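Q: Would you mind keeping the following structure in view while I ask a few things?
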Amino acid sequence: MKAGGTPERFEALDSWRGICALAVVIYHFGYSVDIEFMQSAVLYNAYLFVDFFFVLSGFVVCHAYRDRLGSRRQLGGFLLRRIGRLWPLHLVVLFALMLAVTLINVAGYHPDRLMIHEGQGNYSLHALLLNVALLNSMGFYGISWNGPAWSIGAEFYTYALFAVVVVLSGRRLLPAALAISLAAIGAIVLFAPSYMNSTADYGFIRCLAGFFAGVVASHLHQRLRGLPLPGATLWELAAVALAGFFIAKAGEGANRVGVQSVLAPAVFALAVLVFAREGGLVSKALRLRPWRALGQWSFSIYLIHMPLLILLSYGLWLIGDLSGTVLRAPVLVNGREAQLYEVGGPLASAALLAAFALAVIALAALSFRLVEVPWRDYFARLARTYEARGRSFRLLPARSVGGRPEAVRARSR
């Protein structure tokens, strides 16, 4: 613990979470709008940053809860906190997207891909119910509504499995986590056609592979943290280089994923282990306020960007249709044809991307304060009340100050 009993925070890892969320935003933007000058192997494969989120989540949750899940009430409190962390913002964003798409359908002027159906298509009522129940990564339906939210559903049920594994494995959590991660990777290799780009089909299995790799990394960190790390800056630079090299070589974009992509949990677990030490100059830079803010808003950035991109694409379609200009045209992306919007050359594309990213970040900062923090704190109070065995269901007072996000924490020796 730090002086005064304040839990240690791994601020560099928080910052990396924000940077990776922004990379996912750019990745999805590049599959909607032609930004030829940004085409690169790393961006083609930026879907792999989702696996970093899974590994980091396993690392964080293991640090925070592996010694706090010994009773039924502790399990209940854990799940209440997890619900408060994921579900409220997911529901708010899903409802806002549903309202927007419904209004577009009522207006009756839109491309066919925005049509609401009862049981098929991207915007079906059937898929909406599955999304509400966080069952959007179990193979019941394809990608729908807020596409990236498949990972939120996968993560929630992985949390529940983690709690069960902690209770059943006792002191053998490390070998159990390693076995689950390796088994999940094996299942991905054998059955998932898109390997580590699995989403609504094998997304839950993919999450298990990354999350429990993070649990393994958490155990290793606890055993290694008392040892010195000479040349910490070189270790950090090497970790970034290794992750970048791996991402670039993991395949040829989302449609041609290589089997080597299944190494993502191991690669990102190594990176988490290095940056958890926060001993180098890269970590020092990542602890600057702008990067820490980006880390705070990363969950909102991740959930909000796709609905905004859907609305941006609709706006571009509307402009083109009303003006009689064809803005959406076939473009070669990494050797494959894709239908992208062309907005007037590299400078215009760069300006639109910058404006879109700033809009996402600004809205994420707002939703963090208005949705994430209040609802997370509400469920945290609910969990503490439940754990305290109170006769009354009256909530305990709030603990959070200043809207700080859930910390990436560890106990100092």
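Residues are referred to by chain and number: the chain letter is A, B, ... according to the order shown in the structure tokens, the number counts from 1 in that chain, and ligands are numbered separately from 1 in the order shown.
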Give me, as an mmCIF file with C-alpha atoms, in the first residue's frame, all polymer residues having an atom no more than 9 Å from segment 91-104 of chain A, counting only C-alpha atoms and skipping those fewer than 2 positions away in the same chain.
A:
data_model
loop_
_atom_site.group_PDB
_atom_site.id
_atom_site.type_symbol
_atom_site.label_atom_id
_atom_site.label_comp_id
_atom_site.auth_asym_id
_atom_site.auth_seq_id
_atom_site.Cartn_x
_atom_site.Cartn_y
_atom_site.Cartn_z
ATOM 1 C CA LEU A 86 -21.036 -3.077 -17.749
ATOM 2 C CA TRP A 87 -24.806 -3.128 -18.086
ATOM 3 C CA PRO A 88 -26.062 0.459 -17.488
ATOM 4 C CA LEU A 89 -23.934 2.132 -20.166
ATOM 5 C CA VAL A 106 -40.295 5.893 -39.377
ATOM 6 C CA ALA A 107 -39.039 8.627 -41.685
ATOM 7 C CA GLY A 108 -38.819 5.934 -44.368
ATOM 8 C CA TYR A 109 -35.779 7.404 -46.109
ATOM 9 C CA HIS A 110 -32.722 5.237 -45.601
ATOM 10 C CA LEU A 114 -30.774 0.253 -41.791
ATOM 11 C CA MET A 115 -34.133 -1.511 -42.069
ATOM 12 C CA ILE A 116 -35.580 -2.927 -38.822
ATOM 13 C CA TYR A 123 -31.479 -4.372 -36.613
ATOM 14 C CA LEU A 128 -32.306 -6.524 -29.642
ATOM 15 C CA ASN A 131 -28.289 -7.698 -26.750
ATOM 16 C CA VAL A 132 -30.272 -6.563 -23.730
ATOM 17 C CA TRP A 145 -27.163 -3.294 -33.304
ATOM 18 C CA ASN A 146 -24.095 -1.964 -31.465
ATOM 19 C CA LEU A 303 -19.340 1.460 -26.635
ATOM 20 C CA ILE A 304 -20.273 4.838 -28.127
ATOM 21 C CA PRO A 307 -23.543 4.064 -32.991
ATOM 22 C CA LEU A 308 -21.952 7.414 -33.892
ATOM 23 C CA ILE A 310 -23.620 4.337 -37.986
ATOM 24 C CA LEU A 311 -25.193 7.792 -37.803
ATOM 25 C CA VAL A 371 -23.889 7.262 -16.710
#
Q: Segment 75-79 of chain A: which residues within 12 Å, counting only C-alpha atoms, same-chain residues fewer than 6 positions away excluded, as a PyMOL selection string?
A: chain A and resi 61-62+64-69+85-87+155-167+379-389
Q: Please identify the strand (DSSP E) residues within segment 86-204 of chain A (assignment by DSSP from backbone atoms) and present them as a list in words.
A: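 Those residues are Ile116, His117, Tyr123 and Ser124 of chain A.
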Q: Write out as a list of chain:residue names the residues lying within 7 Å of segment 236-243 of chain A, counting only C-alpha atoms and excluding same-chain residues fewer than 5 positions away.
A: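 Neighbouring residues, sequence-local ones excluded: A:Val267, A:Phe268, A:Ala271, A:Val274, A:Phe275, A:Gly280, A:Val282.
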Q: Can you work out which one of A:Leu286, A:Leu22, A:Leu363, A:Ala276 has the shortest atom-to-atom distance to Ala232 of chain A, counting only C-alpha atoms?
A: A:Ala276
Q: So which residues touch Ile361 of chain A within 9 Å, counting only C-alpha atoms, skipping near sequence neighbours fewer than 2 positions away, as a ChimeraX atom specification?
A: /A:22,294,297-298,300-301,305,356-359,363-366
Q: Just to confirm, what's the straight-line distance from atom CA of Val259 of chain A to atom CA of Val189 of chain A in Å (one decimal)?
A: 6.8 Å
Q: Looking at only C-alpha atoms, which of A:Pro111, A:Gly279, A:Gly253, A:Gly153 is the one that sits closest to Ile83 of chain A?
A: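 Comparing A:Pro111, A:Gly279, A:Gly253, A:Gly153 against Ile83 of chain A, the winner is A:Gly153.
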